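The data block below is query-v8.tsv; it holds TSV, C-alpha atoms.
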```
chain	number	residue	atom	x	y	z
A	21	MET	CA	11.02	-30.36	-32.61
A	22	SER	CA	14.70	-30.74	-31.79
A	23	ASP	CA	17.02	-32.92	-33.84
A	24	ASP	CA	19.65	-34.81	-31.91
A	25	GLY	CA	21.43	-35.98	-35.08
A	26	THR	CA	20.49	-39.64	-34.70
A	27	PRO	CA	18.77	-41.55	-37.51
A	28	GLY	CA	15.67	-42.47	-35.51
A	29	PHE	CA	13.28	-45.31	-36.31
A	30	GLY	CA	10.32	-44.87	-38.63
A	31	LEU	CA	7.23	-46.44	-40.15
A	32	TYR	CA	6.34	-45.84	-43.80
A	33	VAL	CA	2.79	-46.58	-45.00
A	34	HIS	CA	2.15	-46.65	-48.75
A	35	TRP	CA	-1.31	-45.78	-50.05
A	36	PRO	CA	-1.14	-46.53	-53.81
A	37	PHE	CA	-4.27	-44.80	-55.10
A	38	CYS	CA	-4.68	-41.46	-56.87
A	39	ARG	CA	-7.54	-39.71	-58.63
A	40	ALA	CA	-5.36	-39.38	-61.75
A	41	LYS	CA	-1.84	-40.35	-62.78
A	42	CYS	CA	0.45	-37.35	-63.24
A	43	PRO	CA	2.49	-37.52	-66.47
A	44	TYR	CA	5.84	-36.99	-64.69
A	45	CYS	CA	5.23	-39.51	-61.88
A	46	ASP	CA	7.05	-42.85	-61.73
A	47	PHE	CA	5.88	-43.66	-58.19
A	48	ASN	CA	3.80	-46.74	-57.46
A	49	SER	CA	0.44	-45.02	-57.90
A	50	HIS	CA	-2.75	-46.31	-59.50
A	51	VAL	CA	-6.21	-45.06	-60.41
A	52	ARG	CA	-9.14	-47.21	-59.31
A	53	ALA	CA	-12.87	-46.55	-59.64
A	54	ALA	CA	-13.54	-47.74	-56.09
A	55	VAL	CA	-11.56	-48.81	-53.02
A	56	ASP	CA	-12.84	-51.01	-50.20
A	57	HIS	CA	-11.43	-49.00	-47.30
A	58	ASP	CA	-12.36	-51.53	-44.61
A	59	ARG	CA	-10.56	-54.28	-46.51
A	60	TRP	CA	-7.47	-52.15	-47.00
A	61	ARG	CA	-7.40	-51.10	-43.35
A	62	ARG	CA	-7.42	-54.73	-42.24
A	63	ALA	CA	-4.66	-55.60	-44.70
A	64	LEU	CA	-2.40	-52.71	-43.69
A	65	LEU	CA	-2.77	-53.60	-40.02
A	66	ALA	CA	-2.00	-57.26	-40.75
A	67	GLU	CA	1.16	-56.36	-42.63
A	68	LEU	CA	2.18	-53.94	-39.89
A	69	ASP	CA	1.99	-56.78	-37.36
A	70	HIS	CA	4.07	-59.00	-39.66
A	71	MET	CA	6.76	-56.45	-40.52
A	72	ALA	CA	7.17	-55.26	-36.93
A	73	ARG	CA	8.22	-58.66	-35.59
A	74	GLY	CA	11.62	-58.43	-33.96
A	75	THR	CA	11.41	-54.65	-33.50
A	76	GLU	CA	8.87	-54.55	-30.67
A	77	GLY	CA	9.65	-52.01	-27.98
A	78	ARG	CA	11.88	-49.79	-30.11
A	79	ARG	CA	11.41	-46.02	-29.92
A	80	LEU	CA	9.31	-44.84	-32.88
A	81	THR	CA	10.28	-41.34	-34.01
A	82	SER	CA	8.19	-40.93	-37.17
A	83	ILE	CA	5.32	-42.26	-39.27
A	84	PHE	CA	4.94	-41.23	-42.89
A	85	PHE	CA	1.83	-41.86	-45.00
A	86	GLY	CA	3.03	-41.64	-48.61
A	87	GLY	CA	1.69	-42.56	-52.01
A	88	GLY	CA	-0.16	-42.25	-54.20
A	89	THR	CA	-2.45	-39.79	-52.47
A	90	PRO	CA	-2.77	-40.70	-48.78
A	91	SER	CA	-5.25	-37.87	-48.20
A	92	LEU	CA	-7.70	-40.13	-50.05
A	93	MET	CA	-7.41	-42.64	-47.19
A	94	ALA	CA	-10.23	-42.98	-44.69
A	95	PRO	CA	-9.13	-41.05	-41.56
A	96	ARG	CA	-10.17	-44.04	-39.44
A	97	THR	CA	-7.55	-46.12	-41.31
A	98	VAL	CA	-4.89	-43.58	-40.38
A	99	ALA	CA	-6.11	-43.60	-36.77
A	100	ALA	CA	-6.04	-47.41	-36.63
A	101	ILE	CA	-2.45	-47.58	-37.92
A	102	VAL	CA	-1.25	-44.89	-35.51
A	103	ALA	CA	-2.93	-46.71	-32.61
A	104	ARG	CA	-1.46	-50.09	-33.59
A	105	ALA	CA	2.01	-48.57	-33.90
A	106	ALA	CA	1.66	-47.25	-30.33
A	107	GLU	CA	0.88	-50.78	-29.15
A	108	ILE	CA	3.97	-52.24	-30.86
A	109	TRP	CA	6.59	-49.56	-30.14
A	110	ARG	CA	7.45	-46.90	-27.59
A	111	VAL	CA	6.30	-43.70	-29.25
A	112	ASP	CA	8.72	-40.80	-28.96
A	113	ASP	CA	7.34	-37.71	-27.20
A	114	GLY	CA	8.09	-35.67	-30.32
A	115	VAL	CA	6.93	-38.27	-32.85
A	116	GLU	CA	6.38	-36.80	-36.30
A	117	ILE	CA	3.35	-38.16	-38.18
A	118	THR	CA	3.23	-36.88	-41.75
A	119	LEU	CA	0.52	-37.36	-44.36
A	120	GLU	CA	0.95	-36.41	-48.02
A	121	ALA	CA	-1.99	-34.57	-49.57
A	122	ASN	CA	-3.02	-33.12	-52.91
A	123	PRO	CA	-4.85	-29.78	-52.94
A	124	THR	CA	-7.81	-31.38	-54.73
A	125	SER	CA	-8.31	-34.03	-52.04
A	126	VAL	CA	-8.42	-31.88	-48.92
A	127	GLU	CA	-10.99	-29.81	-47.15
A	128	ALA	CA	-11.40	-28.56	-43.61
A	129	GLY	CA	-13.38	-31.55	-42.36
A	130	ARG	CA	-10.87	-34.11	-43.61
A	131	PHE	CA	-7.94	-32.16	-42.17
A	132	ARG	CA	-9.73	-32.02	-38.80
A	133	ASP	CA	-10.28	-35.78	-38.97
A	134	PHE	CA	-6.66	-36.50	-39.92
A	135	ALA	CA	-5.45	-34.31	-37.04
A	136	ALA	CA	-7.76	-36.19	-34.68
A	137	ALA	CA	-6.30	-39.45	-36.04
A	138	GLY	CA	-2.83	-38.35	-34.90
A	139	VAL	CA	-1.36	-36.64	-37.96
A	140	ASN	CA	0.70	-33.63	-36.90
A	141	ARG	CA	2.37	-32.69	-40.19
A	142	VAL	CA	1.14	-32.57	-43.81
A	143	SER	CA	3.06	-32.35	-47.07
A	144	LEU	CA	1.10	-30.80	-49.94
A	145	GLY	CA	1.75	-31.51	-53.62
A	146	VAL	CA	1.39	-27.92	-54.86
A	147	GLN	CA	4.05	-28.35	-57.60
A	148	ALA	CA	3.54	-24.94	-59.26
A	149	LEU	CA	1.79	-21.60	-58.80
A	150	ASP	CA	1.28	-21.01	-62.51
A	151	ASP	CA	-2.02	-22.29	-63.90
A	152	GLY	CA	-0.62	-23.08	-67.34
A	153	ASP	CA	2.22	-25.10	-65.89
A	154	LEU	CA	-0.11	-26.89	-63.50
A	155	ALA	CA	-2.16	-28.01	-66.51
A	156	PHE	CA	1.03	-29.14	-68.26
A	157	LEU	CA	2.01	-31.13	-65.16
A	158	GLY	CA	-1.36	-32.88	-65.22
A	159	ARG	CA	-2.47	-31.41	-61.90
A	160	GLU	CA	-6.19	-31.12	-61.22
A	161	HIS	CA	-5.91	-27.96	-59.11
A	162	ASP	CA	-5.11	-24.37	-60.00
A	163	ALA	CA	-2.86	-21.98	-58.09
A	164	ALA	CA	-5.71	-20.47	-56.09
A	165	GLU	CA	-6.89	-23.91	-54.97
A	166	ALA	CA	-3.34	-24.84	-54.03
A	167	LEU	CA	-2.90	-21.77	-51.84
A	168	ALA	CA	-6.30	-22.35	-50.25
A	169	ALA	CA	-5.15	-25.87	-49.31
A	170	VAL	CA	-1.93	-24.42	-47.84
A	171	GLY	CA	-4.06	-22.07	-45.77
A	172	LEU	CA	-6.14	-24.99	-44.50
A	173	ALA	CA	-2.98	-26.87	-43.59
A	174	ALA	CA	-1.70	-23.87	-41.63
A	175	ARG	CA	-4.97	-23.74	-39.68
A	176	HIS	CA	-5.04	-27.40	-38.71
A	177	PHE	CA	-1.36	-28.37	-38.34
A	178	ARG	CA	1.53	-26.61	-36.67
A	179	ARG	CA	3.93	-28.17	-39.17
A	180	PHE	CA	3.37	-28.41	-42.90
A	181	SER	CA	5.36	-28.39	-46.11
A	182	PHE	CA	4.64	-28.15	-49.80
A	183	ASP	CA	6.41	-29.31	-52.95
A	184	LEU	CA	7.34	-27.26	-56.00
A	185	ILE	CA	8.75	-28.40	-59.34
A	186	TYR	CA	11.08	-26.15	-61.35
A	187	ALA	CA	13.04	-26.32	-64.63
A	188	ARG	CA	9.75	-26.59	-66.45
A	189	PRO	CA	9.57	-26.01	-70.23
A	190	GLY	CA	9.90	-22.34	-71.09
A	191	GLN	CA	10.57	-21.30	-67.49
A	192	THR	CA	12.82	-18.29	-66.96
A	193	VAL	CA	14.82	-17.39	-63.89
A	194	ALA	CA	12.80	-14.20	-63.40
A	195	ALA	CA	9.47	-16.06	-63.58
A	196	TRP	CA	10.71	-18.72	-61.14
A	197	GLU	CA	11.98	-16.10	-58.69
A	198	ALA	CA	8.57	-14.41	-58.75
A	199	GLU	CA	6.86	-17.77	-58.18
A	200	LEU	CA	9.18	-18.55	-55.27
A	201	ALA	CA	8.44	-15.15	-53.73
A	202	ARG	CA	4.71	-15.90	-53.92
A	203	ALA	CA	5.28	-19.34	-52.38
A	204	LEU	CA	7.32	-17.85	-49.54
A	205	ASP	CA	4.40	-15.61	-48.62
A	206	HIS	CA	2.61	-18.82	-47.57
A	207	ALA	CA	5.46	-21.08	-46.38
A	208	VAL	CA	6.17	-21.46	-42.67
A	209	GLY	CA	8.88	-24.00	-41.97
A	210	HIS	CA	9.57	-26.25	-44.94
A	211	ILE	CA	9.57	-26.29	-48.76
A	212	SER	CA	10.70	-29.04	-51.12
A	213	ALA	CA	11.83	-27.87	-54.58
A	214	TYR	CA	12.56	-30.55	-57.18
A	215	GLN	CA	13.99	-30.17	-60.66
A	216	LEU	CA	11.71	-31.69	-63.29
A	217	THR	CA	13.26	-34.88	-64.65
A	218	ILE	CA	12.04	-37.30	-67.29
A	219	GLU	CA	11.58	-40.78	-65.83
A	220	GLN	CA	11.26	-44.06	-67.72
A	221	GLY	CA	7.75	-45.42	-67.97
A	222	THR	CA	6.00	-42.06	-67.57
A	223	ARG	CA	3.78	-40.20	-70.03
A	224	PHE	CA	6.36	-37.41	-70.12
A	225	HIS	CA	9.03	-39.90	-71.18
A	226	THR	CA	6.97	-40.78	-74.26
A	227	LEU	CA	6.11	-37.17	-75.07
A	228	HIS	CA	9.66	-35.91	-74.52
A	229	GLY	CA	10.99	-38.68	-76.75
A	230	ARG	CA	8.66	-37.52	-79.50
A	231	GLY	CA	9.91	-33.95	-79.16
A	232	ALA	CA	6.58	-32.68	-77.81
A	233	PHE	CA	8.42	-30.41	-75.34
A	234	ALA	CA	11.95	-29.50	-74.27
A	235	LEU	CA	13.38	-28.94	-70.82
A	236	PRO	CA	15.71	-26.05	-69.98
A	237	ASP	CA	19.30	-26.68	-71.04
A	238	GLU	CA	21.99	-27.51	-68.50
A	239	ASP	CA	23.09	-23.90	-67.99
A	240	LEU	CA	19.56	-22.60	-67.44
A	241	ALA	CA	18.77	-25.52	-65.12
A	242	ALA	CA	21.86	-24.61	-63.08
A	243	ASP	CA	20.75	-20.97	-62.93
A	244	LEU	CA	17.29	-22.04	-61.74
A	245	TYR	CA	18.90	-24.22	-59.06
A	246	GLU	CA	21.07	-21.31	-57.88
A	247	ALA	CA	18.05	-19.01	-57.80
A	248	THR	CA	16.21	-21.58	-55.67
A	249	GLN	CA	19.04	-21.87	-53.18
A	250	GLU	CA	19.50	-18.13	-52.89
A	251	ALA	CA	15.81	-17.25	-52.53
A	252	LEU	CA	15.02	-19.90	-49.94
A	253	ALA	CA	18.20	-19.37	-47.92
A	254	SER	CA	17.56	-15.60	-47.87
A	255	ALA	CA	14.07	-16.31	-46.54
A	256	GLY	CA	15.49	-18.39	-43.68
A	257	LEU	CA	14.88	-21.81	-45.27
A	258	PRO	CA	18.36	-23.05	-46.27
A	259	ALA	CA	18.83	-26.42	-47.95
A	260	TYR	CA	19.41	-29.21	-45.46
A	261	GLU	CA	19.25	-31.73	-48.35
A	262	ILE	CA	19.62	-31.28	-52.10
A	263	SER	CA	15.93	-30.54	-52.69
A	264	ASN	CA	14.64	-29.82	-49.18
A	265	HIS	CA	14.71	-26.51	-47.34
A	266	ALA	CA	13.70	-25.77	-43.76
A	267	ARG	CA	13.99	-23.43	-40.85
A	268	ALA	CA	15.94	-24.71	-37.85
A	269	GLY	CA	14.07	-27.59	-36.24
A	270	GLU	CA	11.63	-28.01	-39.16
A	271	ALA	CA	13.47	-30.63	-41.26
A	272	CYS	CA	11.40	-33.71	-42.07
A	273	ARG	CA	12.38	-36.13	-39.33
A	274	HIS	CA	11.18	-39.18	-41.25
A	275	ASN	CA	13.22	-38.37	-44.35
A	276	LEU	CA	16.26	-37.77	-42.16
A	277	THR	CA	15.87	-41.38	-41.01
A	278	TYR	CA	16.27	-42.45	-44.66
A	279	TRP	CA	19.19	-40.14	-45.38
A	280	ARG	CA	20.98	-41.07	-42.14
A	281	LEU	CA	20.40	-44.74	-42.97
A	282	GLY	CA	18.25	-45.50	-39.95
A	283	ASP	CA	15.88	-48.44	-39.67
A	284	TYR	CA	12.28	-48.19	-40.80
A	285	VAL	CA	9.36	-50.53	-41.38
A	286	GLY	CA	7.63	-50.24	-44.76
A	287	ILE	CA	4.09	-51.51	-45.35
A	288	GLY	CA	1.69	-51.35	-48.30
A	289	PRO	CA	2.13	-52.12	-52.03
A	290	GLY	CA	5.69	-51.55	-53.21
A	291	ALA	CA	6.90	-50.30	-49.82
A	292	HIS	CA	10.57	-50.70	-48.92
A	293	GLY	CA	12.05	-51.06	-45.46
A	294	ARG	CA	15.40	-51.38	-43.71
A	295	LEU	CA	15.69	-53.41	-40.53
A	296	THR	CA	18.59	-54.38	-38.29
A	297	LEU	CA	17.75	-57.73	-36.68
A	298	ASP	CA	20.22	-59.79	-34.61
A	299	GLY	CA	23.13	-57.76	-35.97
A	300	THR	CA	22.23	-58.18	-39.65
A	301	VAL	CA	20.85	-55.35	-41.77
A	302	TRP	CA	18.01	-56.45	-44.05
A	303	THR	CA	16.18	-54.70	-46.86
A	304	THR	CA	12.49	-55.45	-47.17
A	305	ARG	CA	10.12	-54.86	-50.08
A	306	THR	CA	6.59	-55.79	-50.97
A	307	HIS	CA	4.71	-56.62	-54.16
A	308	ARG	CA	3.95	-53.45	-56.13
A	309	ALA	CA	0.61	-54.28	-57.75
A	310	PRO	CA	-2.16	-53.31	-55.30
A	311	GLU	CA	-4.37	-56.32	-56.03
A	312	VAL	CA	-1.45	-58.76	-55.83
A	313	TRP	CA	-0.31	-57.23	-52.54
A	314	LEU	CA	-3.82	-57.32	-51.10
A	315	GLY	CA	-4.31	-60.96	-52.07
A	316	ARG	CA	-0.99	-61.97	-50.53
A	317	VAL	CA	-1.76	-60.20	-47.27
A	318	GLU	CA	-5.18	-61.75	-47.00
A	319	ALA	CA	-3.78	-65.19	-47.75
A	320	GLY	CA	-0.66	-65.06	-45.59
A	321	GLY	CA	-0.48	-61.88	-43.52
A	322	SER	CA	1.95	-59.96	-45.72
A	323	GLY	CA	2.73	-58.98	-49.30
A	324	GLU	CA	6.45	-59.11	-48.53
A	325	LYS	CA	9.00	-60.47	-50.99
A	326	PRO	CA	12.06	-62.39	-49.71
A	327	ARG	CA	14.35	-60.28	-47.54
A	328	GLU	CA	17.94	-59.63	-48.55
A	329	PRO	CA	20.91	-58.92	-46.26
A	330	VAL	CA	22.97	-55.81	-46.97
A	331	ALA	CA	26.63	-56.60	-47.73
A	332	PRO	CA	29.33	-54.26	-46.30
A	333	ASP	CA	30.25	-52.77	-49.69
A	334	GLU	CA	26.57	-52.08	-50.39
A	335	ALA	CA	26.19	-50.58	-46.93
A	336	VAL	CA	29.06	-48.14	-47.53
A	337	ALA	CA	27.60	-47.12	-50.89
A	338	ASP	CA	24.21	-46.58	-49.26
A	339	VAL	CA	25.67	-44.48	-46.44
A	340	LEU	CA	27.44	-42.22	-48.93
A	341	MET	CA	24.65	-42.01	-51.50
A	342	MET	CA	22.14	-41.00	-48.87
A	343	GLY	CA	24.29	-39.06	-46.41
A	344	LEU	CA	26.16	-36.85	-48.87
A	345	ARG	CA	22.80	-35.46	-49.98
A	346	LEU	CA	22.63	-33.75	-46.60
A	347	ALA	CA	24.26	-30.43	-45.80
A	348	GLU	CA	25.50	-32.02	-42.55
A	349	GLY	CA	27.34	-34.74	-44.49
A	350	VAL	CA	28.17	-38.23	-43.22
A	351	PRO	CA	29.81	-38.94	-39.86
A	352	THR	CA	33.00	-40.95	-40.22
A	353	ALA	CA	31.74	-43.33	-37.54
A	354	ARG	CA	28.67	-44.14	-39.68
A	355	ILE	CA	30.86	-45.03	-42.66
A	356	GLU	CA	33.11	-47.20	-40.52
A	357	ALA	CA	30.12	-48.96	-38.94
A	358	ALA	CA	28.72	-49.75	-42.37
A	359	ALA	CA	32.03	-51.07	-43.64
A	360	GLY	CA	33.07	-52.91	-40.51
A	361	THR	CA	36.59	-51.57	-41.10
A	362	GLY	CA	38.63	-48.38	-41.04
A	363	LEU	CA	37.81	-45.36	-43.17
A	364	ALA	CA	41.18	-45.44	-44.91
A	365	THR	CA	40.41	-48.91	-46.24
A	366	THR	CA	36.84	-48.02	-47.11
A	367	LEU	CA	37.52	-44.80	-49.02
A	368	PRO	CA	41.04	-44.44	-50.43
A	369	GLY	CA	42.62	-41.18	-49.31
A	370	GLU	CA	43.74	-40.20	-52.80
A	371	ARG	CA	40.17	-40.12	-54.05
A	372	ARG	CA	39.05	-38.03	-51.10
A	373	ARG	CA	41.97	-35.64	-51.58
A	374	ARG	CA	41.14	-35.06	-55.25
A	375	LEU	CA	37.53	-34.32	-54.44
A	376	VAL	CA	38.58	-31.89	-51.71
A	377	GLU	CA	40.95	-30.15	-54.13
A	378	SER	CA	38.21	-29.91	-56.76
A	379	GLY	CA	35.93	-28.22	-54.24
A	380	ASP	CA	33.39	-31.07	-54.17
A	381	LEU	CA	34.09	-32.41	-50.67
A	382	GLN	CA	35.16	-31.22	-47.25
A	383	ASP	CA	37.07	-33.95	-45.41
A	384	ARG	CA	36.61	-32.98	-41.77
A	385	GLU	CA	37.93	-34.84	-38.77
A	386	ASP	CA	34.60	-36.39	-37.87
A	387	ARG	CA	32.69	-36.45	-41.19
A	388	LEU	CA	32.66	-36.15	-44.97
A	389	VAL	CA	30.61	-33.25	-46.31
A	390	ALA	CA	29.68	-32.55	-49.92
A	391	THR	CA	29.92	-28.86	-50.70
A	392	ASP	CA	27.09	-27.13	-52.54
A	393	GLN	CA	29.03	-27.74	-55.73
A	394	GLY	CA	29.51	-31.39	-54.79
A	395	ARG	CA	25.82	-31.91	-54.07
A	396	ARG	CA	24.94	-30.46	-57.48
A	397	ARG	CA	27.13	-33.09	-59.14
A	398	LEU	CA	26.69	-35.82	-56.56
A	399	ASN	CA	26.46	-38.70	-59.04
A	400	ALA	CA	29.94	-37.92	-60.34
A	401	VAL	CA	31.32	-37.50	-56.80
A	402	LEU	CA	29.91	-40.87	-55.76
A	403	ALA	CA	31.20	-42.59	-58.89
A	404	HIS	CA	34.69	-41.35	-58.05
A	405	LEU	CA	34.51	-42.27	-54.37
A	406	LEU	CA	33.12	-45.76	-54.98
A	407	ALA	CA	35.10	-46.73	-58.08
A	408	ALA	CA	36.32	-50.34	-57.95
```
Structure re-expressed in structure tokens:
Amino acid sequence: MSDDGTPGFGLYVHWPFCRAKCPYCDFNSHVRAAVDHDRWRRALLAELDHMARGTEGRRLTSIFFGGGTPSLMAPRTVAAIVARAAEIWRVDDGVEITLEANPTSVEAGRFRDFAAAGVNRVSLGVQALDDGDLAFLGREHDAAEALAAVGLAARHFRRFSFDLIYARPGQTVAAWEAELARALDHAVGHISAYQLTIEQGTRFHTLHGRGAFALPDEDLAADLYEATQEALASAGLPAYEISNHARAGEACRHNLTYWRLGDYVGIGPGAHGRLTLDGTVWTTRTHRAPEVWLGRVEAGGSGEKPREPVAPDEAVADVLMMGLRLAEGVPTARIEAAAGTGLATTLPGERRRRLVESGDLQDREDRLVATDQGRRRLNAVLAHLLAA
């Protein structure tokens, strides 16, 4: 699939249910003994109709089923949403339709059904290829099961990706390099590699606070990051975003819509969206609790909370926070469009110059680009650029 550099227009569908809650996860995911799939399908379609108002006829470039564990969805629900989207929007010839899956929730029959429903890309939550670390991460699969799921994905979908987590307790650079080499034996076009972080409200946050485990120190974490970049780039999967690596043409089109600050509709519990309507950019969000969201949809057609317009200063911050994550950087025209004013007024030249001199930014004629060093310390770069 070619990438013309435009943000595109996407649909995000949140499925909030998992078989178990991972101890590192702060996503809006919940464990339920039973789910009424017919009821949820009707609710998701109703909210899709509501959220799409004012965008009818636009060209849809991607659909992303995230979660939670969307591979626990009924394939007929996926098919119904894909079909409804095609009624509302003009579907791009190269539309990307991604579904997230866990290795424990997939088998050949379900993958066949999801492919028949329209899914043409899957993203697998492998997370590790070490059985001890998988147990530590609270995963229900082992490495062999994970690789079997990757093999199934390769059989049923031309495009697939899988996630890995590094900077785990006790992890060495040599062990991580060996794990990456094993992963690359099975990767085709895309790998996401995330550094383990401790998030508020998670089981790991409690355990880490008690001293139950320690993460690698800053120097070792940096070495693990460098090893990741080198191994994946050498294998032909360079980083196109801080944590995402792909061969040419295999970048996740839906996530590029986020990072390029394109519009997207978000449906399901806790889903966010960004919509430009009548010249105003709006952020949308829905109630997080599944039962609250479901009740609101059934009562009024949507679980949406009040929309909020995006102010110019917020828009500039968003453009930079998202766009500087990308190896391609941020086009100057996108910054100016967000600000409604000239770049010189938006981002004082002295701040840009200092960041260029420090090796964190490249200030090109048509765009700002964070160097590899700058992306590693992006929070500090952004704080300097956006200081009041």
Return the single residue from A:Gln393, A:Asp383, A:Lys41, A:Pro289 that is closest to Tyr245 in chain A, with distances computed using all atoms listed in the file.
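That would be A:Gln393, the residue with the smallest distance to Tyr245 in chain A.
Distances here use only C-alpha atoms; by that measure, the residue among A:Asn140, A:Pro27, A:Glu246, A:Arg223 closest to Arg354 in chain A is A:Pro27.
CA of Gly282 in chain A is positioned 8.3 Å from CA of Leu295 in chain A.
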Restricting the calculation to only C-alpha atoms, which member of A:Val139, A:Leu184, A:Ile262, A:Leu314 is positioned closest to Val55 in chain A?
A:Leu314
Write out as a ChimeraX atom specification the residues lying within 9 Å of Ala268 in chain A, counting all atoms listed in the file and excluding same-chain residues fewer than 5 positions away.
/A:22,209,256-258
Mind pulling up the distance from CA of Leu92 in chain A to CA of His50 in chain A?
12.3 Å
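For the set A:Gly74, A:Arg79, A:Ala390, A:Leu240, the residue with the smallest atom-to-atom gap to Val193 in chain A is A:Leu240, counting only C-alpha atoms.
Of note, CA of Pro236 in chain A and CA of His265 in chain A are spaced 22.7 Å apart.
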Counting all atoms listed in the file, what is within 8 Å of range 124-133 of chain A, bar same-chain residues fewer than 4 positions away, as a PyMOL selection string?
chain A and resi 91-92+95+137+160-161+165-166+169+172-173+176
Find, counting only C-alpha atoms, the residue in A:Tyr186, A:Tyr32, A:Phe180, A:Trp279 that gets nearest to Leu157 in chain A.
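Checking each of A:Tyr186, A:Tyr32, A:Phe180, A:Trp279 against Leu157 in chain A, counting only C-alpha atoms, the winner is A:Tyr186.
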In terms of only C-alpha atoms, the residue from A:Ser181, A:Thr248, A:Thr352, A:Ser82 at minimal distance from Glu385 in chain A is A:Thr352
Distance query 9 Å from (12.3, -37.3, -66.1) using all atoms listed in the file, result as number ranges by chain:
A: 44-46, 216-220, 222, 224-225, 228
What lies within 6 Å of His307 in chain A using all atoms listed in the file, ignoring chain neighbours under 4 positions off, as a PDB file with C-alpha atoms, in the coordinates of the input?
```pdb
ATOM      1  CA  PRO A 289       2.130 -52.120 -52.030  1.00  0.00           C
ATOM      2  CA  GLY A 290       5.690 -51.550 -53.210  1.00  0.00           C
ATOM      3  CA  TRP A 313      -0.310 -57.230 -52.540  1.00  0.00           C
ATOM      4  CA  GLY A 323       2.730 -58.980 -49.300  1.00  0.00           C
TER       5      GLY A 323
END
```
Please give the centre and size of the box around range 165-183 of chain A (axis-aligned, containing every atom listed in the file, 6 Å added per side), with values in Å to one decimal and written as AutoDock Vina command-line options.
```
--center_x -0.2 --center_y -25.5 --center_z -45.8 --size_x 25.3 --size_y 19.5 --size_z 30.3
```
Taking 6 positions as the minimum chain separation for residues in the same chain, which residues sit within 10 Å of Trp109 in chain A when counting all atoms listed in the file? Answer as a list of chain:residue names.
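Final neighbour list, sorted by chain and number: A:Ala72, A:Thr75, A:Glu76, A:Gly77, A:Arg78, A:Arg79, A:Leu80, A:Thr81.
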Quick one: residues within 12 Å of Ala319 in chain A, all atoms listed in the file, excluding same-chain residues fewer than 6 positions away - as a PyMOL selection string?
chain A and resi 63+66-67+312-313
